[in-house]
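Chemist: My questions all concern the structure below.
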Amino acid sequence: ADSRPPKSLDYSKFDILFFAFATPNTSSSISYNSGSTSILQRLVTAAHNSGKGTIFVLSIGGWGGSYYFSQAVSSASNCSTSVNTAVNAVNTYDLDSIDIDWVGTHLPNSEGTGNLYSTADCADLLTFLTSLRSVLGSSKIISAAVTQEPFLGANGYPLTKVAPCTAQLSYISIM
């Protein structure tokens, strides 16, 4: 951000910009790398001030940042904290969108990711997405980065019906 300041970017070349990653933490809120919120604020401000209509998205999670996702949505209290934290990020940084990049919901026991895992993860994700959509309303974009395989249900097999989750999303990105 120092060698190429956000205000110097040509935002006409970007329809959507993703800022990756904020990460769920043990308190069910999100953490940022040192200095990243300052860069995020500068980017969003520059993008919006450009008048080019660039949509700005905060991605939460990622391969190394999904460790506490399961815990962050595992109870009504944790889910509420997680939703409020995401909404606060949208409001604080004037974001257009939240992207959920929960790695491991398609793998048994989060195999390969080392992330926490529960058989209730898919149901908890639906609760989280439904609450987030309810609070953000339809004017904000909610997306998810997913694999070609559906999330695992409580039985350990990929879901056969994903409509309840996708109904809460504006779009998905297949990784």
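Chain labels follow the order of the structure tokens: the first chain is A, the next B, and so on; residue numbering restarts at 1 in every chain, and ligands are counted from 1 in their shown order.
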So which residues touch A:Asn25 within 12 Å, counting only C-alpha atoms, skipping near sequence neighbours fewer than 3 positions away, as a ChimeraX atom specification?

Modeler: /A:22,28-32,60-61,64-73,78,81-82,85,116

Chemist: Keeping N, CA and C atoms for every residue in the selection just given, could you write it to a file as a short mmCIF file (atom, residue, chain, number, x, y, z; two decimals), in the first residue's frame?

Modeler:
```cif
data_model
loop_
_atom_site.label_atom_id
_atom_site.label_comp_id
_atom_site.auth_asym_id
_atom_site.auth_seq_id
_atom_site.Cartn_x
_atom_site.Cartn_y
_atom_site.Cartn_z
N ALA A 22 -9.94 -11.38 6.92
CA ALA A 22 -10.18 -11.26 8.35
C ALA A 22 -10.44 -12.68 8.81
N SER A 28 -15.24 -15.36 18.90
CA SER A 28 -16.29 -15.36 17.86
C SER A 28 -16.39 -14.03 17.13
N SER A 29 -15.39 -13.18 17.29
CA SER A 29 -15.31 -11.97 16.48
C SER A 29 -14.26 -12.24 15.40
N ILE A 30 -13.80 -11.20 14.74
CA ILE A 30 -12.79 -11.41 13.70
C ILE A 30 -11.54 -10.60 14.02
N SER A 31 -10.41 -11.14 13.56
CA SER A 31 -9.12 -10.49 13.75
C SER A 31 -8.57 -10.10 12.39
N TYR A 32 -7.75 -9.07 12.41
CA TYR A 32 -7.09 -8.58 11.21
C TYR A 32 -5.58 -8.60 11.44
N ILE A 60 -13.84 -13.36 4.89
CA ILE A 60 -13.58 -13.86 6.24
C ILE A 60 -13.25 -15.34 6.15
N GLY A 61 -12.08 -15.72 6.68
CA GLY A 61 -11.69 -17.12 6.71
C GLY A 61 -10.44 -17.39 5.91
N GLY A 64 -5.92 -20.80 5.96
CA GLY A 64 -5.28 -20.68 7.28
C GLY A 64 -6.09 -19.89 8.28
N GLY A 65 -7.20 -19.33 7.86
CA GLY A 65 -7.98 -18.46 8.73
C GLY A 65 -9.35 -18.99 9.12
N SER A 66 -9.60 -20.27 8.86
CA SER A 66 -10.91 -20.86 9.17
C SER A 66 -10.90 -21.70 10.44
N TYR A 67 -9.79 -21.70 11.15
CA TYR A 67 -9.64 -22.59 12.30
C TYR A 67 -10.79 -22.45 13.30
N TYR A 68 -11.20 -21.22 13.61
CA TYR A 68 -12.23 -21.01 14.63
C TYR A 68 -13.64 -20.81 14.08
N PHE A 69 -13.85 -21.01 12.77
CA PHE A 69 -15.19 -20.82 12.21
C PHE A 69 -16.22 -21.72 12.91
N SER A 70 -15.89 -22.98 13.08
CA SER A 70 -16.82 -23.92 13.69
C SER A 70 -17.24 -23.44 15.07
N GLN A 71 -16.28 -23.04 15.86
CA GLN A 71 -16.57 -22.53 17.21
C GLN A 71 -17.35 -21.21 17.16
N ALA A 72 -17.03 -20.36 16.17
CA ALA A 72 -17.63 -19.03 16.08
C ALA A 72 -19.13 -19.06 15.79
N VAL A 73 -19.64 -20.17 15.29
CA VAL A 73 -21.07 -20.26 14.97
C VAL A 73 -21.74 -21.43 15.69
N ASN A 78 -22.50 -17.44 20.28
CA ASN A 78 -21.35 -17.27 19.40
C ASN A 78 -21.77 -16.79 18.02
N THR A 81 -22.62 -13.13 18.11
CA THR A 81 -21.39 -12.34 18.15
C THR A 81 -20.75 -12.28 16.76
N SER A 82 -20.70 -13.41 16.08
CA SER A 82 -20.10 -13.47 14.74
C SER A 82 -20.87 -12.61 13.74
N THR A 85 -20.28 -8.94 14.56
CA THR A 85 -18.93 -8.54 14.18
C THR A 85 -18.84 -8.31 12.67
N LEU A 116 -10.90 -26.69 13.21
CA LEU A 116 -11.90 -27.31 14.08
C LEU A 116 -13.09 -27.74 13.24
#
```

Chemist: Find the residues near stretch 144-160 of chain A: any atom within 12 Å, counting only C-alpha atoms, skip ones fewer than 2 places away on the same chain, and give them as a ChimeraX atom specification.

Modeler: /A:18,20,57-63,97-110,117-126,129,141-142,162-175

Chemist: Determine, counting only C-alpha atoms, which protein, DNA and RNA residues have an atom within 8 Å of an atom of stretch 5-7 of chain A; residues of the same chain fewer than 3 positions away are not included. Present the result as a VMD selection string.

Modeler: chain A and resid 1 to 2 39 42 to 43 46 to 47

Chemist: If you keep N, CA, C and O atoms, can you produce a file of those selected residues as a PDB file, in the first residue's frame?

Modeler:
```
ATOM      1  N   ALA A   1       0.819  -1.198   0.000  1.00  0.00           N
ATOM      2  CA  ALA A   1       0.000   0.000   0.000  1.00  0.00           C
ATOM      3  C   ALA A   1       0.858   1.255   0.000  1.00  0.00           C
ATOM      4  O   ALA A   1       0.387   2.302  -0.402  1.00  0.00           O
ATOM      5  N   ASP A   2       2.122   1.135   0.433  1.00  0.00           N
ATOM      6  CA  ASP A   2       2.996   2.302   0.408  1.00  0.00           C
ATOM      7  C   ASP A   2       3.569   2.553  -0.974  1.00  0.00           C
ATOM      8  O   ASP A   2       3.672   3.695  -1.409  1.00  0.00           O
ATOM      9  N   ILE A  39      -5.239  -0.125   5.808  1.00  0.00           N
ATOM     10  CA  ILE A  39      -5.196  -0.339   4.357  1.00  0.00           C
ATOM     11  C   ILE A  39      -6.598  -0.581   3.825  1.00  0.00           C
ATOM     12  O   ILE A  39      -6.992  -0.037   2.793  1.00  0.00           O
ATOM     13  N   ARG A  42      -8.465   2.691   3.610  1.00  0.00           N
ATOM     14  CA  ARG A  42      -7.955   3.506   2.500  1.00  0.00           C
ATOM     15  C   ARG A  42      -8.427   2.965   1.150  1.00  0.00           C
ATOM     16  O   ARG A  42      -8.796   3.744   0.255  1.00  0.00           O
ATOM     17  N   LEU A  43      -8.427   1.647   0.994  1.00  0.00           N
ATOM     18  CA  LEU A  43      -8.877   1.038  -0.258  1.00  0.00           C
ATOM     19  C   LEU A  43     -10.357   1.293  -0.512  1.00  0.00           C
ATOM     20  O   LEU A  43     -10.749   1.685  -1.607  1.00  0.00           O
ATOM     21  N   ALA A  46     -10.992   4.993  -1.295  1.00  0.00           N
ATOM     22  CA  ALA A  46     -10.531   5.328  -2.646  1.00  0.00           C
ATOM     23  C   ALA A  46     -11.437   4.721  -3.708  1.00  0.00           C
ATOM     24  O   ALA A  46     -11.785   5.387  -4.695  1.00  0.00           O
ATOM     25  N   ALA A  47     -11.838   3.470  -3.511  1.00  0.00           N
ATOM     26  CA  ALA A  47     -12.713   2.804  -4.488  1.00  0.00           C
ATOM     27  C   ALA A  47     -14.054   3.530  -4.594  1.00  0.00           C
ATOM     28  O   ALA A  47     -14.528   3.811  -5.698  1.00  0.00           O
TER      29      ALA A  47
END
```

Chemist: Which of these, A:Ala76, A:Ile16, A:Leu9, A:Val90, has the shortest distance to A:Phe56 once you count only C-alpha atoms?

Modeler: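 Once distances to A:Phe56 are computed over only C-alpha atoms, the minimum belongs to A:Ile16.
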
Chemist: Which of these, A:Thr45, A:Ser138, A:Thr130, A:Gly51, has the shortest distance to A:Thr92 once you count only C-alpha atoms?

Modeler: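 Result for the nearest residue to A:Thr92: A:Thr45.
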
Chemist: Quick check, in Å to one decimal: how far apart do atom CA of A:Asp10 and atom CA of A:Tyr93 lie?

Modeler: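 Taking atom CA of A:Asp10 and atom CA of A:Tyr93, their separation equals 20.1 Å.
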
Chemist: Could you give me, as a short mmCIF file (atom, residue, chain, number, x, y, z; two decimals) with C-alpha atoms, in the first residue's frame, each residue of stretch 9-141 of chain A that DSSP assigns to helix (DSSP H, G or I) when run on this structure's backbone?

Modeler:
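So part_5.cif came out as:
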```
data_model
loop_
_atom_site.label_atom_id
_atom_site.label_comp_id
_atom_site.auth_asym_id
_atom_site.auth_seq_id
_atom_site.Cartn_x
_atom_site.Cartn_y
_atom_site.Cartn_z
CA TYR A 11 -10.82 1.50 -10.16
CA SER A 12 -12.46 1.47 -13.60
CA LYS A 13 -10.57 -1.80 -14.10
CA SER A 36 -4.58 -4.17 7.57
CA THR A 37 -7.60 -2.21 8.79
CA SER A 38 -5.87 1.03 7.84
CA ILE A 39 -5.20 -0.34 4.36
CA LEU A 40 -8.77 -1.67 4.13
CA GLN A 41 -10.20 1.75 5.01
CA ARG A 42 -7.96 3.51 2.50
CA LEU A 43 -8.88 1.04 -0.26
CA VAL A 44 -12.62 1.23 0.33
CA THR A 45 -12.57 5.02 0.55
CA ALA A 46 -10.53 5.33 -2.65
CA ALA A 47 -12.71 2.80 -4.49
CA HIS A 48 -15.95 4.52 -3.49
CA ASN A 49 -14.56 8.02 -4.13
CA PHE A 69 -15.19 -20.82 12.21
CA SER A 70 -16.82 -23.92 13.69
CA GLN A 71 -16.57 -22.53 17.21
CA ALA A 72 -17.63 -19.03 16.08
CA ALA A 76 -26.66 -19.00 19.53
CA SER A 77 -24.45 -16.64 21.53
CA ASN A 78 -21.35 -17.27 19.40
CA CYS A 79 -23.35 -16.97 16.19
CA SER A 80 -24.85 -13.68 17.33
CA THR A 81 -21.39 -12.34 18.15
CA SER A 82 -20.10 -13.47 14.74
CA VAL A 83 -23.01 -11.87 12.89
CA ASN A 84 -22.67 -8.62 14.84
CA THR A 85 -18.93 -8.54 14.18
CA ALA A 86 -19.43 -9.02 10.42
CA VAL A 87 -22.14 -6.35 10.34
CA ASN A 88 -19.91 -4.01 12.34
CA ALA A 89 -17.14 -4.52 9.76
CA VAL A 90 -19.57 -3.68 6.93
CA ASN A 91 -20.65 -0.51 8.71
CA THR A 92 -17.22 0.55 10.00
CA TYR A 93 -15.44 0.14 6.67
CA PRO A 108 -14.65 -35.07 6.87
CA ASN A 109 -13.21 -33.80 10.15
CA SER A 110 -11.71 -30.88 8.20
CA ASP A 121 -21.14 -27.16 11.08
CA CYS A 122 -23.51 -27.11 8.11
CA ALA A 123 -26.58 -26.42 10.24
CA ASP A 124 -24.62 -23.77 12.15
CA LEU A 125 -23.48 -22.18 8.88
CA LEU A 126 -27.10 -21.96 7.74
CA THR A 127 -28.08 -20.29 11.03
CA PHE A 128 -25.19 -17.84 10.65
CA LEU A 129 -26.01 -17.00 7.01
CA THR A 130 -29.72 -16.62 7.75
CA SER A 131 -28.99 -14.26 10.66
CA LEU A 132 -26.42 -12.31 8.66
CA ARG A 133 -28.86 -11.89 5.75
CA SER A 134 -31.60 -10.82 8.15
CA VAL A 135 -29.44 -8.10 9.69
CA LEU A 136 -27.73 -6.90 6.48
#
```

Chemist: Would you mind reading off the distance between atom CA of A:Asp96 and atom CA of A:Thr54, one decimal, in Å?

Modeler: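 Rounded to one decimal, the two atoms are 9.2 Å apart.
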
Chemist: I need the residues of stretch 32-88 of chain A that end up classed as strand (DSSP E) by DSSP on the backbone, written out as number ranges by chain.

Modeler: A: 55-61

Chemist: Could you please determine the separation between atom CA of A:Ile55 and atom CA of A:Asp94 in Å, to one decimal place?

Modeler: 10.4 Å
